[in-house]
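Enquirer: Just input_4.pdb, nothing more (PDB, N, CA and C atoms, pLDDT in the B column):
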```
ATOM      1  N   ILE R   1      45.061   2.495  56.428  1.00 55.00           N
ATOM      2  CA  ILE R   1      44.167   2.627  55.292  1.00 55.00           C
ATOM      3  C   ILE R   1      44.935   3.286  54.164  1.00 55.00           C
ATOM      4  N   VAL R   2      44.925   2.634  53.024  1.00 70.00           N
ATOM      5  CA  VAL R   2      45.636   3.179  51.879  1.00 70.00           C
ATOM      6  C   VAL R   2      44.660   3.457  50.738  1.00 70.00           C
ATOM      7  N   ASP R   3      43.898   2.487  50.367  1.00 86.00           N
ATOM      8  CA  ASP R   3      42.972   2.612  49.249  1.00 86.00           C
ATOM      9  C   ASP R   3      41.542   2.440  49.775  1.00 86.00           C
ATOM     10  N   LYS R   4      40.727   3.471  49.661  1.00 89.00           N
ATOM     11  CA  LYS R   4      39.381   3.437  50.239  1.00 89.00           C
ATOM     12  C   LYS R   4      38.493   2.375  49.596  1.00 89.00           C
ATOM     13  N   GLN R   5      38.665   2.121  48.310  1.00 92.00           N
ATOM     14  CA  GLN R   5      37.876   1.075  47.655  1.00 92.00           C
ATOM     15  C   GLN R   5      38.257  -0.307  48.186  1.00 92.00           C
ATOM     16  N   ARG R   6      39.532  -0.478  48.461  1.00 93.00           N
ATOM     17  CA  ARG R   6      39.996  -1.750  49.024  1.00 93.00           C
ATOM     18  C   ARG R   6      39.449  -1.947  50.441  1.00 93.00           C
ATOM     19  N   VAL R   7      39.414  -0.873  51.211  1.00 93.00           N
ATOM     20  CA  VAL R   7      38.846  -0.933  52.562  1.00 93.00           C
ATOM     21  C   VAL R   7      37.366  -1.298  52.481  1.00 93.00           C
ATOM     22  N   LYS R   8      36.648  -0.675  51.565  1.00 94.00           N
ATOM     23  CA  LYS R   8      35.221  -0.958  51.404  1.00 94.00           C
ATOM     24  C   LYS R   8      34.999  -2.422  51.027  1.00 94.00           C
ATOM     25  N   ALA R   9      35.792  -2.936  50.095  1.00 96.00           N
ATOM     26  CA  ALA R   9      35.667  -4.339  49.684  1.00 96.00           C
ATOM     27  C   ALA R   9      35.964  -5.276  50.853  1.00 96.00           C
ATOM     28  N   PHE R  10      37.016  -4.957  51.614  1.00 95.00           N
ATOM     29  CA  PHE R  10      37.350  -5.766  52.787  1.00 95.00           C
ATOM     30  C   PHE R  10      36.191  -5.767  53.775  1.00 95.00           C
ATOM     31  N   CYS R  11      35.642  -4.590  54.051  1.00 96.00           N
ATOM     32  CA  CYS R  11      34.565  -4.469  55.036  1.00 96.00           C
ATOM     33  C   CYS R  11      33.327  -5.254  54.612  1.00 96.00           C
ATOM     34  N   LEU R  12      32.980  -5.188  53.349  1.00 96.00           N
ATOM     35  CA  LEU R  12      31.821  -5.939  52.865  1.00 96.00           C
ATOM     36  C   LEU R  12      32.035  -7.439  53.027  1.00 96.00           C
ATOM     37  N   LEU R  13      33.222  -7.913  52.696  1.00 96.00           N
ATOM     38  CA  LEU R  13      33.541  -9.331  52.846  1.00 96.00           C
ATOM     39  C   LEU R  13      33.575  -9.727  54.319  1.00 96.00           C
ATOM     40  N   TYR R  14      34.245  -8.932  55.130  1.00 96.00           N
ATOM     41  CA  TYR R  14      34.371  -9.224  56.560  1.00 96.00           C
ATOM     42  C   TYR R  14      33.000  -9.246  57.227  1.00 96.00           C
ATOM     43  N   GLU R  15      32.179  -8.274  56.889  1.00 95.00           N
ATOM     44  CA  GLU R  15      30.840  -8.172  57.473  1.00 95.00           C
ATOM     45  C   GLU R  15      29.985  -9.391  57.124  1.00 95.00           C
ATOM     46  N   SER R  16      30.154  -9.926  55.923  1.00 95.00           N
ATOM     47  CA  SER R  16      29.342 -11.073  55.503  1.00 95.00           C
ATOM     48  C   SER R  16      29.826 -12.391  56.106  1.00 95.00           C
ATOM     49  N   LYS R  17      31.093 -12.457  56.513  1.00 95.00           N
ATOM     50  CA  LYS R  17      31.665 -13.712  57.016  1.00 95.00           C
ATOM     51  C   LYS R  17      31.832 -13.755  58.531  1.00 95.00           C
ATOM     52  N   PHE R  18      32.092 -12.607  59.155  1.00 93.00           N
ATOM     53  CA  PHE R  18      32.443 -12.580  60.573  1.00 93.00           C
ATOM     54  C   PHE R  18      31.630 -11.510  61.304  1.00 93.00           C
ATOM     55  N   LYS R  19      31.539 -11.668  62.579  1.00 88.00           N
ATOM     56  CA  LYS R  19      30.953 -10.637  63.448  1.00 88.00           C
ATOM     57  C   LYS R  19      31.882 -10.448  64.646  1.00 88.00           C
ATOM     58  N   ILE R  20      33.161 -10.408  64.369  1.00 96.00           N
ATOM     59  CA  ILE R  20      34.182 -10.271  65.405  1.00 96.00           C
ATOM     60  C   ILE R  20      34.720  -8.845  65.357  1.00 96.00           C
ATOM     61  N   PRO R  21      34.667  -8.126  66.466  1.00 97.00           N
ATOM     62  CA  PRO R  21      35.211  -6.763  66.483  1.00 97.00           C
ATOM     63  C   PRO R  21      36.706  -6.753  66.147  1.00 97.00           C
ATOM     64  N   PHE R  22      37.131  -5.731  65.447  1.00 97.00           N
ATOM     65  CA  PHE R  22      38.543  -5.572  65.108  1.00 97.00           C
ATOM     66  C   PHE R  22      38.908  -4.102  65.222  1.00 97.00           C
ATOM     67  N   SER R  23      40.198  -3.828  65.226  1.00 97.00           N
ATOM     68  CA  SER R  23      40.662  -2.437  65.266  1.00 97.00           C
ATOM     69  C   SER R  23      41.677  -2.231  64.154  1.00 97.00           C
ATOM     70  N   ILE R  24      41.893  -0.968  63.809  1.00 95.00           N
ATOM     71  CA  ILE R  24      42.864  -0.631  62.772  1.00 95.00           C
ATOM     72  C   ILE R  24      43.748   0.513  63.252  1.00 95.00           C
ATOM     73  N   ASN R  25      44.864   0.693  62.579  1.00 93.00           N
ATOM     74  CA  ASN R  25      45.756   1.836  62.776  1.00 93.00           C
ATOM     75  C   ASN R  25      45.686   2.686  61.516  1.00 93.00           C
ATOM     76  N   SER R  26      45.657   3.992  61.686  1.00 90.00           N
ATOM     77  CA  SER R  26      45.566   4.874  60.527  1.00 90.00           C
ATOM     78  C   SER R  26      46.157   6.234  60.846  1.00 90.00           C
ATOM     79  N   ARG R  27      46.173   7.074  59.828  1.00 84.00           N
ATOM     80  CA  ARG R  27      46.562   8.478  59.990  1.00 84.00           C
ATOM     81  C   ARG R  27      45.303   9.322  59.865  1.00 84.00           C
ATOM     82  N   PRO R  28      45.298  10.497  60.484  1.00 83.00           N
ATOM     83  CA  PRO R  28      44.090  11.342  60.447  1.00 83.00           C
ATOM     84  C   PRO R  28      43.649  11.724  59.034  1.00 83.00           C
ATOM     85  N   ASP R  29      44.590  11.895  58.127  1.00 82.00           N
ATOM     86  CA  ASP R  29      44.239  12.337  56.777  1.00 82.00           C
ATOM     87  C   ASP R  29      43.630  11.230  55.919  1.00 82.00           C
ATOM     88  N   LEU R  30      43.632   9.998  56.405  1.00 86.00           N
ATOM     89  CA  LEU R  30      43.120   8.883  55.615  1.00 86.00           C
ATOM     90  C   LEU R  30      41.725   8.419  56.032  1.00 86.00           C
ATOM     91  N   ILE R  31      41.187   8.998  57.092  1.00 89.00           N
ATOM     92  CA  ILE R  31      39.860   8.604  57.574  1.00 89.00           C
ATOM     93  C   ILE R  31      38.869   9.734  57.299  1.00 89.00           C
ATOM     94  N   ASP R  32      37.813   9.402  56.556  1.00 93.00           N
ATOM     95  CA  ASP R  32      36.722  10.360  56.383  1.00 93.00           C
ATOM     96  C   ASP R  32      35.454   9.733  56.960  1.00 93.00           C
ATOM     97  N   SER R  33      34.376  10.471  56.987  1.00 95.00           N
ATOM     98  CA  SER R  33      33.162   9.965  57.643  1.00 95.00           C
ATOM     99  C   SER R  33      32.595   8.731  56.945  1.00 95.00           C
ATOM    100  N   ASP R  34      32.667   8.678  55.617  1.00 95.00           N
ATOM    101  CA  ASP R  34      32.159   7.503  54.902  1.00 95.00           C
ATOM    102  C   ASP R  34      32.968   6.255  55.246  1.00 95.00           C
ATOM    103  N   THR R  35      34.292   6.401  55.288  1.00 94.00           N
ATOM    104  CA  THR R  35      35.152   5.270  55.626  1.00 94.00           C
ATOM    105  C   THR R  35      34.904   4.822  57.063  1.00 94.00           C
ATOM    106  N   ALA R  36      34.757   5.767  57.976  1.00 95.00           N
ATOM    107  CA  ALA R  36      34.486   5.427  59.375  1.00 95.00           C
ATOM    108  C   ALA R  36      33.156   4.682  59.505  1.00 95.00           C
ATOM    109  N   LYS R  37      32.137   5.113  58.781  1.00 96.00           N
ATOM    110  CA  LYS R  37      30.838   4.440  58.824  1.00 96.00           C
ATOM    111  C   LYS R  37      30.933   3.024  58.262  1.00 96.00           C
ATOM    112  N   THR R  38      31.674   2.868  57.174  1.00 96.00           N
ATOM    113  CA  THR R  38      31.858   1.548  56.574  1.00 96.00           C
ATOM    114  C   THR R  38      32.572   0.616  57.542  1.00 96.00           C
ATOM    115  N   LEU R  39      33.618   1.123  58.190  1.00 96.00           N
ATOM    116  CA  LEU R  39      34.352   0.320  59.167  1.00 96.00           C
ATOM    117  C   LEU R  39      33.462  -0.057  60.348  1.00 96.00           C
ATOM    118  N   LYS R  40      32.681   0.877  60.836  1.00 97.00           N
ATOM    119  CA  LYS R  40      31.795   0.608  61.973  1.00 97.00           C
ATOM    120  C   LYS R  40      30.783  -0.476  61.626  1.00 97.00           C
ATOM    121  N   LYS R  41      30.211  -0.395  60.442  1.00 96.00           N
ATOM    122  CA  LYS R  41      29.230  -1.390  60.012  1.00 96.00           C
ATOM    123  C   LYS R  41      29.844  -2.786  59.935  1.00 96.00           C
ATOM    124  N   ALA R  42      31.141  -2.855  59.632  1.00 97.00           N
ATOM    125  CA  ALA R  42      31.844  -4.140  59.539  1.00 97.00           C
ATOM    126  C   ALA R  42      32.322  -4.630  60.898  1.00 97.00           C
ATOM    127  N   CYS R  43      32.011  -3.901  61.968  1.00 97.00           N
ATOM    128  CA  CYS R  43      32.329  -4.291  63.346  1.00 97.00           C
ATOM    129  C   CYS R  43      33.693  -3.778  63.821  1.00 97.00           C
ATOM    130  N   CYS R  44      34.209  -2.746  63.172  1.00 97.00           N
ATOM    131  CA  CYS R  44      35.438  -2.120  63.656  1.00 97.00           C
ATOM    132  C   CYS R  44      35.096  -1.370  64.942  1.00 97.00           C
ATOM    133  N   SER R  45      35.784  -1.729  66.009  1.00 97.00           N
ATOM    134  CA  SER R  45      35.461  -1.137  67.308  1.00 97.00           C
ATOM    135  C   SER R  45      36.419  -0.028  67.723  1.00 97.00           C
ATOM    136  N   ARG R  46      37.545   0.088  67.022  1.00 97.00           N
ATOM    137  CA  ARG R  46      38.520   1.115  67.394  1.00 97.00           C
ATOM    138  C   ARG R  46      39.369   1.489  66.178  1.00 97.00           C
ATOM    139  N   ILE R  47      39.624   2.781  66.054  1.00 96.00           N
ATOM    140  CA  ILE R  47      40.559   3.288  65.050  1.00 96.00           C
ATOM    141  C   ILE R  47      41.650   4.020  65.812  1.00 96.00           C
ATOM    142  N   ASN R  48      42.853   3.467  65.792  1.00 96.00           N
ATOM    143  CA  ASN R  48      43.996   4.097  66.449  1.00 96.00           C
ATOM    144  C   ASN R  48      44.610   5.090  65.472  1.00 96.00           C
ATOM    145  N   ILE R  49      44.677   6.337  65.886  1.00 91.00           N
ATOM    146  CA  ILE R  49      45.185   7.404  65.025  1.00 91.00           C
ATOM    147  C   ILE R  49      46.590   7.776  65.465  1.00 91.00           C
ATOM    148  N   GLY R  50      47.527   7.708  64.525  1.00 82.00           N
ATOM    149  CA  GLY R  50      48.896   8.142  64.788  1.00 82.00           C
ATOM    150  C   GLY R  50      49.050   9.596  64.366  1.00 82.00           C
ATOM    151  N   ILE R  51      49.527  10.409  65.275  1.00 78.00           N
ATOM    152  CA  ILE R  51      49.745  11.820  64.972  1.00 78.00           C
ATOM    153  C   ILE R  51      51.167  11.982  64.449  1.00 78.00           C
ATOM    154  N   GLU R  52      51.288  12.640  63.321  1.00 75.00           N
ATOM    155  CA  GLU R  52      52.588  12.822  62.690  1.00 75.00           C
ATOM    156  C   GLU R  52      52.855  14.298  62.452  1.00 75.00           C
ATOM    157  N   SER R  53      54.130  14.630  62.419  1.00 75.00           N
ATOM    158  CA  SER R  53      54.539  15.995  62.113  1.00 75.00           C
ATOM    159  C   SER R  53      54.962  16.067  60.654  1.00 75.00           C
ATOM    160  N   GLY R  54      54.664  17.177  60.012  1.00 75.00           N
ATOM    161  CA  GLY R  54      55.115  17.386  58.645  1.00 75.00           C
ATOM    162  C   GLY R  54      56.548  17.886  58.576  1.00 75.00           C
ATOM    163  N   ASP R  55      57.135  18.156  59.728  1.00 82.00           N
ATOM    164  CA  ASP R  55      58.497  18.683  59.808  1.00 82.00           C
ATOM    165  C   ASP R  55      59.488  17.525  59.943  1.00 82.00           C
ATOM    166  N   GLU R  56      60.213  17.240  58.870  1.00 80.00           N
ATOM    167  CA  GLU R  56      61.142  16.111  58.863  1.00 80.00           C
ATOM    168  C   GLU R  56      62.229  16.253  59.921  1.00 80.00           C
ATOM    169  N   ALA R  57      62.735  17.457  60.134  1.00 84.00           N
ATOM    170  CA  ALA R  57      63.771  17.670  61.156  1.00 84.00           C
ATOM    171  C   ALA R  57      63.236  17.314  62.541  1.00 84.00           C
ATOM    172  N   PHE R  58      61.998  17.663  62.823  1.00 82.00           N
ATOM    173  CA  PHE R  58      61.374  17.326  64.105  1.00 82.00           C
ATOM    174  C   PHE R  58      61.248  15.811  64.261  1.00 82.00           C
ATOM    175  N   ARG R  59      60.827  15.129  63.194  1.00 74.00           N
ATOM    176  CA  ARG R  59      60.683  13.672  63.254  1.00 74.00           C
ATOM    177  C   ARG R  59      62.019  12.999  63.513  1.00 74.00           C
ATOM    178  N   LYS R  60      63.074  13.476  62.861  1.00 80.00           N
ATOM    179  CA  LYS R  60      64.400  12.878  63.054  1.00 80.00           C
ATOM    180  C   LYS R  60      64.918  13.122  64.463  1.00 80.00           C
ATOM    181  N   LYS R  61      64.605  14.282  65.017  1.00 80.00           N
ATOM    182  CA  LYS R  61      65.071  14.629  66.356  1.00 80.00           C
ATOM    183  C   LYS R  61      64.359  13.789  67.415  1.00 80.00           C
ATOM    184  N   HIS R  62      63.093  13.491  67.188  1.00 69.00           N
ATOM    185  CA  HIS R  62      62.303  12.779  68.191  1.00 69.00           C
ATOM    186  C   HIS R  62      62.057  11.392  67.712  1.00 69.00           C
TER     187      HIS R  62
END
```
Show me, as structure tokens, the structure contained in the file I just sent.
Expert:
Amino acid sequence: IVDKQRVKAFCLLYESKFKIPFSINSRPDLIDSDTAKTLKKACCSRINIGIESGDEAFRKKH
């Protein structure tokens, strides 16, 4: 998820055309309750959350 308005527009279109469950990948800082509700209404069945470290040295090491 990058742009919440774009996600909302996608969900409205998807909801009107399809009823097929889908999943997304995101970061914890990009999902809020309104976005989660919008995704759920559009038939999103799973949100995969990637946990990231803010420490660049840690990321490079692992």
Enquirer: Given all atoms listed in the file as the basis, pick out the residue of R:Gln5, R:Thr35, R:Ser53, R:Ser45 nearest to R:Ile20.
Expert: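 So, comparing all the options, the nearest one is R:Ser45.
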Enquirer: Would you work out the distance separating atom N of R:Leu13 from atom C of R:Asp34, expressed in Å to one decimal?
Expert: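 Spanning atom N of R:Leu13 to atom C of R:Asp34 is a straight-line distance of 14.4 Å.
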Enquirer: Given the point (40.4, 9.3, 58.4) in the file's coordinates, find the residues that have an atom at most 12 Å from it, counting only C-alpha atoms, and give them as a VMD selection string.
Expert: chain R and resid 1 to 4 7 24 to 39 47 to 51
Enquirer: Within chain R, find each residue whose DSSP state, derived from the backbone, is strand (DSSP E), and express the selection as a count of residues only.
Expert: 11
Enquirer: Mind pulling up the distance from atom C of R:Ala9 to atom N of R:Pro21?
Expert: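 Straight-line distance from atom N of R:Pro21 to atom C of R:Ala9 works out to 15.9 Å.
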Enquirer: Enter the distance from atom N of R:Arg46 to atom C of R:Phe58, in Å, rounded to one decimal.
Expert: 28.6 Å
Enquirer: Tell me, which residues of chain R carry DSSP alpha helix (DSSP H), written as an mmCIF file with N, CA and C atoms, in the coordinates of the input?
Expert:
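Okay, part00.cif is ready:
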```
data_model
loop_
_atom_site.group_PDB
_atom_site.id
_atom_site.type_symbol
_atom_site.label_atom_id
_atom_site.label_comp_id
_atom_site.auth_asym_id
_atom_site.auth_seq_id
_atom_site.Cartn_x
_atom_site.Cartn_y
_atom_site.Cartn_z
ATOM 1 N N LYS R 4 40.727 3.471 49.661
ATOM 2 C CA LYS R 4 39.381 3.437 50.239
ATOM 3 C C LYS R 4 38.493 2.375 49.596
ATOM 4 N N GLN R 5 38.665 2.121 48.310
ATOM 5 C CA GLN R 5 37.876 1.075 47.655
ATOM 6 C C GLN R 5 38.257 -0.307 48.186
ATOM 7 N N ARG R 6 39.532 -0.478 48.461
ATOM 8 C CA ARG R 6 39.996 -1.750 49.024
ATOM 9 C C ARG R 6 39.449 -1.947 50.441
ATOM 10 N N VAL R 7 39.414 -0.873 51.211
ATOM 11 C CA VAL R 7 38.846 -0.933 52.562
ATOM 12 C C VAL R 7 37.366 -1.298 52.481
ATOM 13 N N LYS R 8 36.648 -0.675 51.565
ATOM 14 C CA LYS R 8 35.221 -0.958 51.404
ATOM 15 C C LYS R 8 34.999 -2.422 51.027
ATOM 16 N N ALA R 9 35.792 -2.936 50.095
ATOM 17 C CA ALA R 9 35.667 -4.339 49.684
ATOM 18 C C ALA R 9 35.964 -5.276 50.853
ATOM 19 N N PHE R 10 37.016 -4.957 51.614
ATOM 20 C CA PHE R 10 37.350 -5.766 52.787
ATOM 21 C C PHE R 10 36.191 -5.767 53.775
ATOM 22 N N CYS R 11 35.642 -4.590 54.051
ATOM 23 C CA CYS R 11 34.565 -4.469 55.036
ATOM 24 C C CYS R 11 33.327 -5.254 54.612
ATOM 25 N N LEU R 12 32.980 -5.188 53.349
ATOM 26 C CA LEU R 12 31.821 -5.939 52.865
ATOM 27 C C LEU R 12 32.035 -7.439 53.027
ATOM 28 N N LEU R 13 33.222 -7.913 52.696
ATOM 29 C CA LEU R 13 33.541 -9.331 52.846
ATOM 30 C C LEU R 13 33.575 -9.727 54.319
ATOM 31 N N TYR R 14 34.245 -8.932 55.130
ATOM 32 C CA TYR R 14 34.371 -9.224 56.560
ATOM 33 C C TYR R 14 33.000 -9.246 57.227
ATOM 34 N N GLU R 15 32.179 -8.274 56.889
ATOM 35 C CA GLU R 15 30.840 -8.172 57.473
ATOM 36 C C GLU R 15 29.985 -9.391 57.124
ATOM 37 N N SER R 16 30.154 -9.926 55.923
ATOM 38 C CA SER R 16 29.342 -11.073 55.503
ATOM 39 C C SER R 16 29.826 -12.391 56.106
ATOM 40 N N LYS R 17 31.093 -12.457 56.513
ATOM 41 C CA LYS R 17 31.665 -13.712 57.016
ATOM 42 C C LYS R 17 31.832 -13.755 58.531
ATOM 43 N N SER R 33 34.376 10.471 56.987
ATOM 44 C CA SER R 33 33.162 9.965 57.643
ATOM 45 C C SER R 33 32.595 8.731 56.945
ATOM 46 N N ASP R 34 32.667 8.678 55.617
ATOM 47 C CA ASP R 34 32.159 7.503 54.902
ATOM 48 C C ASP R 34 32.968 6.255 55.246
ATOM 49 N N THR R 35 34.292 6.401 55.288
ATOM 50 C CA THR R 35 35.152 5.270 55.626
ATOM 51 C C THR R 35 34.904 4.822 57.063
ATOM 52 N N ALA R 36 34.757 5.767 57.976
ATOM 53 C CA ALA R 36 34.486 5.427 59.375
ATOM 54 C C ALA R 36 33.156 4.682 59.505
ATOM 55 N N LYS R 37 32.137 5.113 58.781
ATOM 56 C CA LYS R 37 30.838 4.440 58.824
ATOM 57 C C LYS R 37 30.933 3.024 58.262
ATOM 58 N N THR R 38 31.674 2.868 57.174
ATOM 59 C CA THR R 38 31.858 1.548 56.574
ATOM 60 C C THR R 38 32.572 0.616 57.542
ATOM 61 N N LEU R 39 33.618 1.123 58.190
ATOM 62 C CA LEU R 39 34.352 0.320 59.167
ATOM 63 C C LEU R 39 33.462 -0.057 60.348
ATOM 64 N N LYS R 40 32.681 0.877 60.836
ATOM 65 C CA LYS R 40 31.795 0.608 61.973
ATOM 66 C C LYS R 40 30.783 -0.476 61.626
ATOM 67 N N LYS R 41 30.211 -0.395 60.442
ATOM 68 C CA LYS R 41 29.230 -1.390 60.012
ATOM 69 C C LYS R 41 29.844 -2.786 59.935
ATOM 70 N N GLU R 56 60.213 17.240 58.870
ATOM 71 C CA GLU R 56 61.142 16.111 58.863
ATOM 72 C C GLU R 56 62.229 16.253 59.921
ATOM 73 N N ALA R 57 62.735 17.457 60.134
ATOM 74 C CA ALA R 57 63.771 17.670 61.156
ATOM 75 C C ALA R 57 63.236 17.314 62.541
ATOM 76 N N PHE R 58 61.998 17.663 62.823
ATOM 77 C CA PHE R 58 61.374 17.326 64.105
ATOM 78 C C PHE R 58 61.248 15.811 64.261
ATOM 79 N N ARG R 59 60.827 15.129 63.194
ATOM 80 C CA ARG R 59 60.683 13.672 63.254
ATOM 81 C C ARG R 59 62.019 12.999 63.513
ATOM 82 N N LYS R 60 63.074 13.476 62.861
ATOM 83 C CA LYS R 60 64.400 12.878 63.054
ATOM 84 C C LYS R 60 64.918 13.122 64.463
ATOM 85 N N LYS R 61 64.605 14.282 65.017
ATOM 86 C CA LYS R 61 65.071 14.629 66.356
ATOM 87 C C LYS R 61 64.359 13.789 67.415
#
```
Enquirer: Pick from R:Arg6, R:Ser23, R:Lys61, R:Gly54: nearest to R:Lys40, with only C-alpha atoms counted?
Expert: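 When distances to R:Lys40 are compared using only C-alpha atoms, the smallest one comes from R:Ser23.
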